[in-house]
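The next block is input-v5.txt, given as compact mmCIF, N, CA, C and O atoms.
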```txt
# COMPACT_ATOMS: atom_id res chain seq x y z
N MET A 1 -24.18 11.09 27.31
CA MET A 1 -23.17 12.04 26.98
C MET A 1 -21.89 11.36 26.48
O MET A 1 -21.28 11.80 25.55
N ALA A 2 -21.51 10.23 27.12
CA ALA A 2 -20.32 9.51 26.71
C ALA A 2 -20.48 8.95 25.30
O ALA A 2 -19.51 8.86 24.56
N LYS A 3 -21.69 8.60 24.92
CA LYS A 3 -21.92 8.07 23.58
C LYS A 3 -21.62 9.11 22.51
O LYS A 3 -21.01 8.80 21.50
N LYS A 4 -22.00 10.37 22.74
CA LYS A 4 -21.71 11.42 21.77
C LYS A 4 -20.21 11.61 21.61
O LYS A 4 -19.71 11.79 20.52
N GLN A 5 -19.47 11.55 22.73
CA GLN A 5 -18.04 11.72 22.65
C GLN A 5 -17.42 10.57 21.85
O GLN A 5 -16.55 10.80 21.03
N LYS A 6 -17.87 9.37 22.07
CA LYS A 6 -17.35 8.22 21.35
C LYS A 6 -17.64 8.35 19.85
O LYS A 6 -16.81 8.06 19.01
N ASP A 7 -18.83 8.80 19.50
CA ASP A 7 -19.21 8.94 18.10
C ASP A 7 -18.33 9.96 17.38
O ASP A 7 -18.05 9.82 16.20
N THR A 8 -17.89 11.00 18.06
CA THR A 8 -17.06 12.01 17.41
C THR A 8 -15.64 11.52 17.22
O THR A 8 -14.93 12.01 16.35
N LEU A 9 -15.21 10.54 18.03
CA LEU A 9 -13.84 10.03 17.92
C LEU A 9 -13.70 9.00 16.80
O LEU A 9 -12.66 8.92 16.17
N TRP A 10 -14.75 8.24 16.56
CA TRP A 10 -14.69 7.17 15.57
C TRP A 10 -15.38 7.61 14.28
O TRP A 10 -16.55 8.00 14.31
N PRO A 11 -14.69 7.52 13.14
CA PRO A 11 -15.34 7.90 11.89
C PRO A 11 -16.41 6.89 11.48
O PRO A 11 -16.32 5.71 11.82
N THR A 12 -17.39 7.37 10.76
CA THR A 12 -18.45 6.49 10.27
C THR A 12 -17.93 5.71 9.06
O THR A 12 -16.90 6.06 8.48
N ASP A 13 -18.68 4.68 8.69
CA ASP A 13 -18.30 3.90 7.51
C ASP A 13 -18.28 4.77 6.26
O ASP A 13 -17.41 4.62 5.40
N LYS A 14 -19.24 5.69 6.17
CA LYS A 14 -19.30 6.57 5.01
C LYS A 14 -18.05 7.46 4.95
O LYS A 14 -17.47 7.63 3.88
N GLU A 15 -17.63 7.99 6.08
CA GLU A 15 -16.43 8.83 6.12
C GLU A 15 -15.18 8.03 5.75
O GLU A 15 -14.31 8.52 5.03
N LEU A 16 -15.12 6.79 6.22
CA LEU A 16 -13.97 5.94 5.88
C LEU A 16 -13.92 5.65 4.39
O LEU A 16 -12.85 5.69 3.77
N ARG A 17 -15.07 5.37 3.81
CA ARG A 17 -15.11 5.10 2.36
C ARG A 17 -14.77 6.34 1.55
O ARG A 17 -14.11 6.26 0.52
N GLN A 18 -15.21 7.51 2.04
CA GLN A 18 -14.85 8.76 1.36
C GLN A 18 -13.35 8.99 1.41
O GLN A 18 -12.74 9.41 0.42
N GLU A 19 -12.75 8.70 2.56
CA GLU A 19 -11.30 8.86 2.68
C GLU A 19 -10.58 7.87 1.79
O GLU A 19 -9.57 8.20 1.16
N LEU A 20 -11.10 6.66 1.69
CA LEU A 20 -10.51 5.65 0.80
C LEU A 20 -10.57 6.11 -0.65
O LEU A 20 -9.59 5.98 -1.39
N ASP A 21 -11.70 6.69 -1.05
CA ASP A 21 -11.84 7.23 -2.41
C ASP A 21 -10.87 8.38 -2.64
O ASP A 21 -10.26 8.49 -3.72
N GLN A 22 -10.70 9.23 -1.65
CA GLN A 22 -9.78 10.35 -1.77
C GLN A 22 -8.34 9.86 -1.93
O GLN A 22 -7.59 10.37 -2.77
N ILE A 23 -7.96 8.87 -1.15
CA ILE A 23 -6.61 8.31 -1.27
C ILE A 23 -6.42 7.68 -2.63
O ILE A 23 -5.36 7.79 -3.24
N ASN A 24 -7.46 7.02 -3.14
CA ASN A 24 -7.39 6.41 -4.46
C ASN A 24 -7.15 7.47 -5.54
O ASN A 24 -6.34 7.28 -6.45
N ARG A 25 -7.83 8.61 -5.45
CA ARG A 25 -7.61 9.72 -6.40
C ARG A 25 -6.19 10.27 -6.27
O ARG A 25 -5.53 10.52 -7.27
N GLN A 26 -5.73 10.43 -5.03
CA GLN A 26 -4.37 10.93 -4.81
C GLN A 26 -3.34 9.96 -5.38
O GLN A 26 -2.31 10.38 -5.93
N LEU A 27 -3.61 8.68 -5.27
CA LEU A 27 -2.71 7.67 -5.81
C LEU A 27 -2.64 7.74 -7.32
O LEU A 27 -1.55 7.67 -7.91
N LYS A 28 -3.79 7.93 -7.98
CA LYS A 28 -3.79 8.08 -9.44
C LYS A 28 -3.00 9.31 -9.86
O LYS A 28 -2.24 9.28 -10.83
N GLU A 29 -3.17 10.42 -9.11
CA GLU A 29 -2.42 11.64 -9.42
C GLU A 29 -0.92 11.45 -9.21
O GLU A 29 -0.11 11.93 -10.00
N ALA A 30 -0.55 10.71 -8.17
CA ALA A 30 0.86 10.45 -7.90
C ALA A 30 1.47 9.60 -9.02
O ALA A 30 2.61 9.83 -9.44
N TYR A 31 0.71 8.62 -9.52
CA TYR A 31 1.20 7.82 -10.65
C TYR A 31 1.36 8.69 -11.91
O TYR A 31 2.30 8.52 -12.67
N ASP A 32 0.44 9.63 -12.13
CA ASP A 32 0.57 10.54 -13.27
C ASP A 32 1.84 11.38 -13.15
O ASP A 32 2.57 11.56 -14.12
N ARG A 33 2.09 11.92 -11.94
CA ARG A 33 3.31 12.70 -11.74
C ARG A 33 4.55 11.85 -11.97
O ARG A 33 5.53 12.30 -12.56
N PHE A 34 4.50 10.59 -11.51
CA PHE A 34 5.63 9.68 -11.72
C PHE A 34 5.87 9.45 -13.21
O PHE A 34 7.01 9.46 -13.67
N ASN A 35 4.80 9.25 -13.97
CA ASN A 35 4.93 8.96 -15.39
C ASN A 35 5.52 10.12 -16.18
O ASN A 35 6.12 9.91 -17.24
N TYR A 36 5.35 11.35 -15.68
CA TYR A 36 5.85 12.51 -16.41
C TYR A 36 7.09 13.13 -15.78
O TYR A 36 7.59 14.14 -16.28
N ALA A 37 7.60 12.56 -14.70
CA ALA A 37 8.79 13.10 -14.05
C ALA A 37 10.03 12.79 -14.88
O ALA A 37 10.19 11.69 -15.40
N CYS A 38 10.89 13.79 -15.03
CA CYS A 38 12.11 13.62 -15.82
C CYS A 38 13.37 13.67 -14.95
O CYS A 38 14.35 13.02 -15.27
N GLU A 39 13.31 14.42 -13.88
CA GLU A 39 14.47 14.56 -13.00
C GLU A 39 14.51 13.41 -12.00
O GLU A 39 13.47 13.01 -11.47
N PRO A 40 15.70 12.87 -11.73
CA PRO A 40 15.81 11.75 -10.78
C PRO A 40 15.21 12.04 -9.41
O PRO A 40 14.60 11.17 -8.79
N GLU A 41 15.36 13.29 -8.94
CA GLU A 41 14.81 13.64 -7.63
C GLU A 41 13.28 13.59 -7.63
O GLU A 41 12.66 13.17 -6.65
N LEU A 42 12.68 14.01 -8.74
CA LEU A 42 11.22 13.97 -8.84
C LEU A 42 10.70 12.54 -8.97
O LEU A 42 9.64 12.20 -8.44
N VAL A 43 11.45 11.70 -9.66
CA VAL A 43 11.08 10.29 -9.77
C VAL A 43 11.11 9.65 -8.39
O VAL A 43 10.18 8.95 -7.97
N GLU A 44 12.19 9.92 -7.65
CA GLU A 44 12.32 9.36 -6.31
C GLU A 44 11.22 9.86 -5.38
O GLU A 44 10.62 9.08 -4.62
N ALA A 45 10.93 11.16 -5.45
CA ALA A 45 9.86 11.72 -4.61
C ALA A 45 8.51 11.09 -4.96
O ALA A 45 7.70 10.80 -4.07
N SER A 46 8.26 10.85 -6.25
CA SER A 46 7.01 10.22 -6.67
C SER A 46 6.90 8.80 -6.13
O SER A 46 5.82 8.37 -5.70
N ILE A 47 8.02 8.09 -6.14
CA ILE A 47 8.01 6.71 -5.63
C ILE A 47 7.69 6.70 -4.14
O ILE A 47 6.88 5.89 -3.68
N PHE A 48 8.31 7.61 -3.39
CA PHE A 48 8.01 7.68 -1.95
C PHE A 48 6.55 8.03 -1.71
O PHE A 48 5.89 7.47 -0.84
N GLU A 49 6.03 8.97 -2.49
CA GLU A 49 4.63 9.37 -2.34
C GLU A 49 3.68 8.21 -2.64
O GLU A 49 2.72 7.96 -1.91
N ILE A 50 3.97 7.48 -3.72
CA ILE A 50 3.14 6.33 -4.10
C ILE A 50 3.17 5.27 -3.00
O ILE A 50 2.12 4.74 -2.61
N ASN A 51 4.36 4.98 -2.48
CA ASN A 51 4.46 3.96 -1.42
C ASN A 51 3.72 4.38 -0.16
O ASN A 51 3.07 3.56 0.48
N ALA A 52 3.81 5.67 0.20
CA ALA A 52 3.10 6.15 1.38
C ALA A 52 1.59 6.05 1.19
O ALA A 52 0.86 5.62 2.10
N LEU A 53 1.12 6.45 0.03
CA LEU A 53 -0.33 6.39 -0.24
C LEU A 53 -0.82 4.95 -0.29
O LEU A 53 -1.92 4.64 0.19
N LYS A 54 -0.02 4.03 -0.85
CA LYS A 54 -0.41 2.62 -0.89
C LYS A 54 -0.52 2.04 0.52
O LYS A 54 -1.44 1.29 0.83
N ALA A 55 0.44 2.42 1.38
CA ALA A 55 0.41 1.93 2.76
C ALA A 55 -0.84 2.45 3.48
O ALA A 55 -1.50 1.70 4.20
N LYS A 56 -1.15 3.71 3.28
CA LYS A 56 -2.33 4.29 3.92
C LYS A 56 -3.60 3.65 3.37
O LYS A 56 -4.53 3.33 4.12
N TYR A 57 -3.67 3.42 2.06
CA TYR A 57 -4.82 2.78 1.43
C TYR A 57 -5.00 1.37 1.98
O TYR A 57 -6.11 0.98 2.35
N ASP A 58 -3.90 0.60 2.05
CA ASP A 58 -3.99 -0.77 2.56
C ASP A 58 -4.46 -0.80 4.00
O ASP A 58 -5.29 -1.63 4.39
N TYR A 59 -3.93 0.12 4.82
CA TYR A 59 -4.35 0.18 6.23
C TYR A 59 -5.84 0.49 6.33
O TYR A 59 -6.57 -0.17 7.07
N LEU A 60 -6.28 1.50 5.60
CA LEU A 60 -7.67 1.92 5.69
C LEU A 60 -8.61 0.82 5.19
O LEU A 60 -9.65 0.56 5.80
N LEU A 61 -8.25 0.17 4.11
CA LEU A 61 -9.06 -0.93 3.59
C LEU A 61 -9.15 -2.07 4.60
O LEU A 61 -10.22 -2.63 4.85
N ARG A 62 -8.02 -2.41 5.21
CA ARG A 62 -8.00 -3.46 6.23
C ARG A 62 -8.87 -3.07 7.43
O ARG A 62 -9.63 -3.88 7.94
N TYR A 63 -8.80 -1.80 7.82
CA TYR A 63 -9.60 -1.31 8.94
C TYR A 63 -11.09 -1.38 8.63
O TYR A 63 -11.90 -1.81 9.46
N ILE A 64 -11.46 -1.00 7.43
CA ILE A 64 -12.87 -1.05 7.01
C ILE A 64 -13.36 -2.50 7.01
O ILE A 64 -14.46 -2.80 7.47
N LYS A 65 -12.55 -3.40 6.50
CA LYS A 65 -12.94 -4.81 6.46
C LYS A 65 -13.09 -5.38 7.88
O LYS A 65 -14.01 -6.14 8.15
N GLU A 66 -12.17 -5.01 8.78
CA GLU A 66 -12.27 -5.49 10.15
C GLU A 66 -13.55 -4.99 10.81
O GLU A 66 -14.22 -5.74 11.53
N ARG A 67 -13.90 -3.73 10.58
CA ARG A 67 -15.12 -3.17 11.16
C ARG A 67 -16.36 -3.86 10.61
O ARG A 67 -17.37 -3.98 11.30
N ALA A 68 -16.29 -4.32 9.37
CA ALA A 68 -17.42 -5.00 8.75
C ALA A 68 -17.47 -6.48 9.12
O ALA A 68 -18.40 -7.19 8.73
N GLY A 69 -16.46 -6.96 9.84
CA GLY A 69 -16.44 -8.36 10.26
C GLY A 69 -15.93 -9.30 9.19
O GLY A 69 -16.12 -10.50 9.29
N MET A 70 -15.28 -8.76 8.18
CA MET A 70 -14.73 -9.60 7.11
C MET A 70 -13.36 -10.12 7.53
O MET A 70 -12.65 -9.46 8.28
N PRO A 71 -12.98 -11.32 7.04
CA PRO A 71 -11.65 -11.84 7.38
C PRO A 71 -10.56 -10.99 6.72
O PRO A 71 -10.69 -10.54 5.59
N VAL A 72 -9.49 -10.74 7.46
CA VAL A 72 -8.40 -9.90 6.98
C VAL A 72 -7.10 -10.68 7.11
O VAL A 72 -6.80 -11.21 8.18
N ASN A 73 -6.33 -10.73 6.04
CA ASN A 73 -5.03 -11.39 6.06
C ASN A 73 -3.98 -10.37 6.46
O ASN A 73 -3.69 -9.44 5.73
N ARG A 74 -3.39 -10.53 7.64
CA ARG A 74 -2.40 -9.59 8.14
C ARG A 74 -0.98 -10.08 7.90
O ARG A 74 -0.03 -9.43 8.30
N GLN A 75 -0.80 -11.24 7.30
CA GLN A 75 0.53 -11.78 7.11
C GLN A 75 1.21 -11.15 5.91
O GLN A 75 0.59 -10.91 4.88
N ARG A 76 2.47 -10.90 6.06
CA ARG A 76 3.30 -10.43 4.95
C ARG A 76 3.75 -11.65 4.16
O ARG A 76 3.89 -12.74 4.70
N PRO A 77 4.02 -11.48 2.85
CA PRO A 77 4.52 -12.61 2.07
C PRO A 77 5.86 -13.09 2.64
O PRO A 77 6.68 -12.28 3.08
N ALA A 78 6.05 -14.38 2.65
CA ALA A 78 7.29 -14.94 3.17
C ALA A 78 8.45 -14.58 2.25
O ALA A 78 8.31 -14.53 1.03
N ALA A 79 9.59 -14.33 2.84
CA ALA A 79 10.78 -14.00 2.07
C ALA A 79 11.28 -15.26 1.35
O ALA A 79 11.09 -16.39 1.82
N VAL A 80 11.91 -15.06 0.23
CA VAL A 80 12.47 -16.18 -0.52
C VAL A 80 13.67 -16.70 0.25
O VAL A 80 14.56 -15.91 0.62
N PRO A 81 13.73 -18.00 0.56
CA PRO A 81 14.85 -18.53 1.33
C PRO A 81 16.16 -18.40 0.56
O PRO A 81 16.19 -18.43 -0.67
N ALA A 82 17.24 -18.24 1.31
CA ALA A 82 18.56 -18.12 0.68
C ALA A 82 18.92 -19.43 -0.01
O ALA A 82 18.55 -20.52 0.43
N GLN A 83 19.67 -19.31 -1.10
CA GLN A 83 20.07 -20.51 -1.84
C GLN A 83 21.15 -21.24 -1.07
O GLN A 83 22.00 -20.63 -0.42
N THR A 84 21.12 -22.56 -1.17
CA THR A 84 22.12 -23.37 -0.49
C THR A 84 23.12 -23.95 -1.47
O THR A 84 24.05 -24.60 -1.07
N ALA A 85 22.94 -23.72 -2.75
CA ALA A 85 23.84 -24.26 -3.76
C ALA A 85 25.20 -23.57 -3.69
O ALA A 85 25.31 -22.42 -3.28
N GLN A 86 26.24 -24.25 -4.10
CA GLN A 86 27.60 -23.72 -4.07
C GLN A 86 27.86 -22.78 -5.23
O GLN A 86 28.65 -21.87 -5.13
N GLU A 87 27.19 -23.00 -6.37
CA GLU A 87 27.44 -22.20 -7.56
C GLU A 87 26.79 -20.83 -7.43
O GLU A 87 25.78 -20.69 -6.76
N PRO A 88 27.36 -19.81 -8.07
CA PRO A 88 26.78 -18.47 -7.98
C PRO A 88 25.44 -18.40 -8.72
O PRO A 88 25.18 -19.14 -9.66
N CYS A 89 24.62 -17.49 -8.28
CA CYS A 89 23.31 -17.27 -8.88
C CYS A 89 23.49 -16.37 -10.10
O CYS A 89 24.15 -15.34 -10.03
N VAL A 90 22.89 -16.76 -11.24
CA VAL A 90 23.01 -15.97 -12.46
C VAL A 90 21.63 -15.81 -13.09
O VAL A 90 20.71 -16.55 -12.78
N ALA A 91 21.50 -14.82 -13.96
CA ALA A 91 20.25 -14.62 -14.67
C ALA A 91 19.97 -15.81 -15.58
O ALA A 91 20.88 -16.40 -16.16
N ALA A 92 18.71 -16.18 -15.72
CA ALA A 92 18.33 -17.33 -16.53
C ALA A 92 18.73 -17.15 -17.99
O ALA A 92 19.07 -18.11 -18.67
N SER A 93 18.72 -15.91 -18.49
CA SER A 93 19.06 -15.68 -19.89
C SER A 93 20.53 -15.91 -20.19
O SER A 93 20.92 -16.11 -21.33
N SER A 94 21.37 -15.89 -19.16
CA SER A 94 22.81 -16.09 -19.39
C SER A 94 23.29 -17.38 -18.75
O SER A 94 24.46 -17.50 -18.41
N MET A 95 22.40 -18.35 -18.60
CA MET A 95 22.76 -19.61 -17.96
C MET A 95 23.77 -20.38 -18.78
O MET A 95 23.58 -20.62 -19.96
N LYS A 96 24.86 -20.75 -18.12
CA LYS A 96 25.86 -21.62 -18.72
C LYS A 96 26.35 -22.59 -17.66
O LYS A 96 27.54 -22.78 -17.48
N GLY A 97 25.44 -23.13 -16.91
CA GLY A 97 25.81 -24.09 -15.90
C GLY A 97 25.63 -23.60 -14.48
O GLY A 97 25.73 -24.37 -13.53
N GLY A 98 25.37 -22.31 -14.27
CA GLY A 98 25.15 -21.79 -12.92
C GLY A 98 23.72 -22.04 -12.48
O GLY A 98 22.90 -22.58 -13.21
N THR A 99 23.44 -21.66 -11.29
CA THR A 99 22.10 -21.83 -10.73
C THR A 99 21.26 -20.59 -11.07
O THR A 99 21.71 -19.48 -10.85
N ALA A 100 20.07 -20.80 -11.60
CA ALA A 100 19.20 -19.67 -11.94
C ALA A 100 18.59 -19.07 -10.69
O ALA A 100 18.23 -19.79 -9.77
N CYS A 101 18.51 -17.75 -10.65
CA CYS A 101 17.90 -17.06 -9.52
C CYS A 101 16.40 -17.30 -9.51
O CYS A 101 15.77 -17.30 -10.55
N ARG A 102 15.84 -17.46 -8.35
CA ARG A 102 14.40 -17.63 -8.22
C ARG A 102 13.66 -16.31 -8.29
O ARG A 102 12.48 -16.26 -8.44
N SER A 103 14.35 -15.22 -8.13
CA SER A 103 13.68 -13.91 -8.11
C SER A 103 13.53 -13.36 -9.46
O SER A 103 13.11 -13.44 -10.38
```

Would you mind writing the file out in structure tokens?
Amino acid sequence: MAKKQKDTLWPTDKELRQELDQINRQLKEAYDRFNYACEPELVEASIFEINALKAKYDYLLRYIKERAGMPVNRQRPAAVPAQTAQEPCVAASSMKGGTACRS
């Protein structure tokens, strides 16, 4: 009896992949809305929607990989260290002796 309860709580691999496909479709639709948005509020809303869907997609993909026993990289990219130079940071295209930004 406990096994049936456990099975209903945990989604199957097929269900997880279906949800991943659904999120992928939603992400494509969100990008389409972003590409055609003209009002600043709609652009901002599209960006938030895209970021939320990407986070959910990344989580679900990582979860699927973990269940399959595949290695998963959980580290975030390291931040760019602060510059220690005395001169101000300037764009490379306008360099006239200042330090070029690494970003």

**Request:** Figure out the distance between atom O of Ala30 (chain A) and atom N of Val72 (chain A), please, to one decimal in Å.
**Result:**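 Going from atom N of Val72 (chain A) over to atom O of Ala30 (chain A) covers 29.2 Å.
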
**Request:** Using all atoms listed in the file, give me every residue within 8 Å of (3.2, 6.7, -10.0) in file coordinates, as a list in words.
**Result:**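 Residues close enough to count: Gln26, Leu27, Lys28, Glu29, Ala30, Tyr31, Asp32, Arg33, Phe34, Asn35, Tyr36, Val43, Ser46, Ile47, Glu49, Ile50 and Asn51 of chain A.
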
**Complete:** CA of Glu44 (chain A) sits from CA of Leu60 (chain A) at a separation of 24.5 Å

**Item:** Two-atom distance - atom O of Tyr59 (chain A), atom N of Ala45 (chain A) (Å)
**Value:**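 Answer for the atom O of Tyr59 (chain A) to atom N of Ala45 (chain A) separation: 24.3 Å.
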
**Neighbour list for Asp58 (chain A) as a ChimeraX atom specification, cut-off 12 Å, only C-alpha atoms, skip fewer than 4 positions in-chain** = /A:20,23-24,27,51-54,62-65,72-74
